[in-house]
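Below is one structure, written out as structure tokens; the observations come after it.
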Amino acid sequence: MRGLVLGLILTLAAVSFSKSDEDFLRQFKISDKSIAYYEDAVKSESMNAEIKDIKKLYKNAVDEDSRNYLALNKLGYIYRMENHLADAEREYLKSIEINPEGYEAYDLLIELYQADKDFDKVKEYSEILIKKHPNYPEGYYNIAQLYEKSENNSQVIEYYTLALEKYNKYDKENFPDKENVVIENGKLDCIVGIANAYSNQSEFRKSLEKLLLIDPASSNYSDIQRQKYTDIVIDSLTKLYKTNPKSANSYLKTFKNRNILPQNFSLK
């Protein structure tokens, strides 16, 4: 689901420089000159400099210190945007080899494999990510998406539920790269995924109860996400109505009161 919402709207600043980035690099004993090149590159991004100039600065950062894994992540992202996918993969794998605990490189590599439809690799690296960072939601989220493709509803529910738990307790100190809006979007995606899986199992009331946990009117969500939410509400209500009209109409009233469905909407 996220691919429809976020896609590649990330800019080069998606792995943006912050004091925490500098702290990570210094803790890793990256050279001062390499860090300086890295900072210059990020500043150049914020000033919309030419990609070739930004790339050169990141290459300089790596040339000064080949262990600058954040610069490698950036280079990989640039290569991906240039459609040089093998080069992007190489940089991400280098970053992981240097810093196996660096969760950002796993995220980037998994996104690359998702775009290339290499789902075996997506699963492999998502499982590694879960093992290394069990409190980070993305590994669980990725595997839930894979189970959606195979329509394994029980596993979809299990992994989206785990991802949702991690999003609800998201640790900004250890995983500082995600903005709050991205975390909130992740929660919505998990809830819609769980609700859809329940609906597929003909557990329509469980689906609707899960959907009531979140308010899609929040400004955090895109029109696409709100539409997905509304679609699964209508689908579950319609299917429940066929077996239990009274219960379906009771839920319908609740969703109308929340302005999720128009007052003139009816079940037939």
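Just remember, in the structure tokens the first chain shown is A, the second B, etc., residues are 1-based per chain, and ligands are 1-based in the order shown.
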Would you mind listing what lies within 6 Å of range 163-172 of chain A as a JSON list (two decimals) with all heavy atoms, in the first residue's frame, with only C-alpha atoms counted and same-chain residues fewer than 4 positions away left out?
```json
[["chain", "number", "residue", "atom", "x", "y", "z"],
["A", 135, "ASN", "N", 12.64, -3.71, 17.36],
["A", 135, "ASN", "CA", 11.69, -2.65, 17.71],
["A", 135, "ASN", "C", 11.43, -1.68, 16.57],
["A", 135, "ASN", "O", 10.70, -0.70, 16.74],
["A", 135, "ASN", "CB", 12.20, -1.88, 18.93],
["A", 135, "ASN", "CG", 12.19, -2.73, 20.17],
["A", 135, "ASN", "OD1", 11.27, -3.52, 20.40],
["A", 135, "ASN", "ND2", 13.22, -2.60, 20.99],
["A", 137, "PRO", "N", 9.72, -0.89, 12.96],
["A", 137, "PRO", "CA", 8.53, -1.47, 12.32],
["A", 137, "PRO", "C", 8.69, -1.92, 10.88],
["A", 137, "PRO", "O", 7.92, -2.76, 10.40],
["A", 137, "PRO", "CB", 7.51, -0.32, 12.40],
["A", 137, "PRO", "CG", 8.32, 0.93, 12.47],
["A", 137, "PRO", "CD", 9.56, 0.55, 13.24],
["A", 140, "TYR", "N", 8.76, -5.77, 9.69],
["A", 140, "TYR", "CA", 7.45, -6.43, 9.84],
["A", 140, "TYR", "C", 6.49, -5.95, 8.75],
["A", 140, "TYR", "O", 5.75, -6.74, 8.16],
["A", 140, "TYR", "CB", 6.85, -6.13, 11.21],
["A", 140, "TYR", "CG", 7.74, -6.48, 12.37],
["A", 140, "TYR", "CD1", 8.49, -5.51, 13.02],
["A", 140, "TYR", "CD2", 7.84, -7.80, 12.83],
["A", 140, "TYR", "CE1", 9.30, -5.81, 14.09],
["A", 140, "TYR", "CE2", 8.66, -8.12, 13.91],
["A", 140, "TYR", "CZ", 9.40, -7.12, 14.53],
["A", 140, "TYR", "OH", 10.22, -7.44, 15.59],
["A", 141, "TYR", "N", 6.51, -4.64, 8.51],
["A", 141, "TYR", "CA", 5.63, -4.04, 7.50],
["A", 141, "TYR", "C", 5.90, -4.64, 6.12],
["A", 141, "TYR", "O", 4.97, -5.02, 5.39],
["A", 141, "TYR", "CB", 5.86, -2.53, 7.49],
["A", 141, "TYR", "CG", 5.00, -1.77, 6.51],
["A", 141, "TYR", "CD1", 3.84, -1.12, 6.92],
["A", 141, "TYR", "CD2", 5.34, -1.68, 5.16],
["A", 141, "TYR", "CE1", 3.05, -0.41, 6.03],
["A", 141, "TYR", "CE2", 4.55, -0.99, 4.26],
["A", 141, "TYR", "CZ", 3.41, -0.36, 4.71],
["A", 141, "TYR", "OH", 2.63, 0.33, 3.81],
["A", 176, "PRO", "N", 15.97, 7.96, 14.27],
["A", 176, "PRO", "CA", 15.55, 9.36, 14.17],
["A", 176, "PRO", "C", 15.16, 9.83, 12.78],
["A", 176, "PRO", "O", 14.75, 10.98, 12.61],
["A", 176, "PRO", "CB", 16.80, 10.11, 14.65],
["A", 176, "PRO", "CG", 17.94, 9.22, 14.24],
["A", 176, "PRO", "CD", 17.42, 7.81, 14.43],
["A", 187, "LYS", "N", 0.99, 3.71, 10.47],
["A", 187, "LYS", "CA", -0.08, 3.18, 11.32],
["A", 187, "LYS", "C", -1.36, 2.95, 10.53],
["A", 187, "LYS", "O", -2.01, 1.90, 10.65],
["A", 187, "LYS", "CB", -0.37, 4.13, 12.48],
["A", 187, "LYS", "CG", 0.75, 4.25, 13.50],
["A", 187, "LYS", "CD", 0.35, 5.26, 14.57],
["A", 187, "LYS", "CE", 1.48, 5.53, 15.55],
["A", 187, "LYS", "NZ", 1.08, 6.53, 16.57],
["A", 190, "CYS", "N", -1.09, -0.05, 8.25],
["A", 190, "CYS", "CA", -1.19, -1.31, 9.00],
["A", 190, "CYS", "C", -2.64, -1.63, 9.34],
["A", 190, "CYS", "O", -3.10, -2.78, 9.19],
["A", 190, "CYS", "CB", -0.36, -1.23, 10.28],
["A", 190, "CYS", "SG", 1.42, -1.23, 10.01]]
```
Using the chain letters and numbers from this document, which residues of range 173-247 of chain A does DSSP assign to helix (DSSP H, G or I), as a ChimeraX atom specification?
-> /A:180-200,204-211,223-243,245-247
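Using only C-alpha atoms, the protein and nucleic acid residues lying no more than 10 Å from Ala217 in chain A, apart from those fewer than 3 places from it along its own chain, are Ile214, Asn220, Tyr221, Ser222, Asp223, Arg226, Arg258, Asn259 and Ile260 of chain A.
Residue neighbourhood of Asp40 in chain A, excluding near-sequence residues (fewer than 2 positions): Phe17, Ser34, Ile35, Ala36, Tyr37, Tyr38, Val42, Lys43, Ser44, Glu45, Ser46, Ile54, Leu57, Tyr58 and Ala61 of chain A, at 10 Å, using only C-alpha atoms.
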For Tyr251 in chain A, list every protein, DNA or RNA residue within 9 Å, evaluated using only C-alpha atoms, and leave out those in the same chain fewer than 2 positions away; present the list as a VMD selection string.
-> chain A and resid 205 208 to 209 237 246 to 249 253 to 256
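Of the residues under consideration (A:Leu211, A:Leu72, A:Leu85, A:Ala49), A:Leu85 shows the shortest atom-to-atom contact distance to Ala115 in chain A when counting only C-alpha atoms.
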Considering only C-alpha atoms, state which residue in the set A:Asn174, A:Ala41, A:Lys52, A:Ile157 is at the smallest distance from Phe24 in chain A.
-> A:Asn174
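Between CA of Asn83 in chain A and CA of Val122 in chain A the interatomic distance comes to 18.8 Å.
Rounded to one decimal, CA of Lys178 in chain A and CA of Ile232 in chain A lie 27.0 Å from each other.
Contact shell of range 89-93 of chain A at 7 Å (only C-alpha atoms; same-chain neighbours under 4 positions omitted): Leu72, Asn73, Leu75, Gly76, Leu85, Glu97, Ala105 and Leu109 of chain A.
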Export of prior selection with N, CA and C atoms as an mmCIF file, in the first residue's frame:
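The result, stored in selection_26.cif:
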```cif
data_model
loop_
_atom_site.group_PDB
_atom_site.id
_atom_site.type_symbol
_atom_site.label_atom_id
_atom_site.label_comp_id
_atom_site.auth_asym_id
_atom_site.auth_seq_id
_atom_site.Cartn_x
_atom_site.Cartn_y
_atom_site.Cartn_z
ATOM 1 N N LEU A 72 27.620 6.630 1.501
ATOM 2 C CA LEU A 72 27.322 5.515 0.598
ATOM 3 C C LEU A 72 25.815 5.377 0.394
ATOM 4 N N ASN A 73 25.037 5.545 1.463
ATOM 5 C CA ASN A 73 23.579 5.513 1.324
ATOM 6 C C ASN A 73 23.105 6.585 0.357
ATOM 7 N N LEU A 75 24.857 8.102 -2.024
ATOM 8 C CA LEU A 75 25.280 7.771 -3.389
ATOM 9 C C LEU A 75 24.360 6.715 -3.990
ATOM 10 N N GLY A 76 24.014 5.725 -3.183
ATOM 11 C CA GLY A 76 23.106 4.689 -3.666
ATOM 12 C C GLY A 76 21.780 5.270 -4.094
ATOM 13 N N LEU A 85 20.653 0.856 -11.218
ATOM 14 C CA LEU A 85 20.218 0.060 -10.070
ATOM 15 C C LEU A 85 21.329 -0.828 -9.523
ATOM 16 N N GLU A 97 27.839 -3.712 4.820
ATOM 17 C CA GLU A 97 29.058 -4.428 5.195
ATOM 18 C C GLU A 97 29.859 -3.625 6.224
ATOM 19 N N ALA A 105 20.266 1.714 5.621
ATOM 20 C CA ALA A 105 20.722 1.031 4.405
ATOM 21 C C ALA A 105 19.820 -0.153 4.077
ATOM 22 N N LEU A 109 17.845 -0.550 0.596
ATOM 23 C CA LEU A 109 18.070 -1.748 -0.214
ATOM 24 C C LEU A 109 16.753 -2.491 -0.452
#
```
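If you measure from each of A:Val192, A:Leu252, A:Ala86, A:Ala197 to Asp116 in chain A using only C-alpha atoms, the closest one turns out to be A:Ala86.
The two atoms in question, CA of Lys149 in chain A and CA of Ile194 in chain A, are spaced 13.7 Å apart.
Nearest-residue note for Thr243 in chain A: choosing from A:Asn48, A:Ser218, A:Ser202, A:Ser207, the minimum distance belongs to A:Ser202, counting only C-alpha atoms.
In terms of minimum interatomic distance to Pro262 in chain A, A:Ile234 ranks closest within A:Met47, A:Ile234, A:Phe175, A:Val181, counting only C-alpha atoms.
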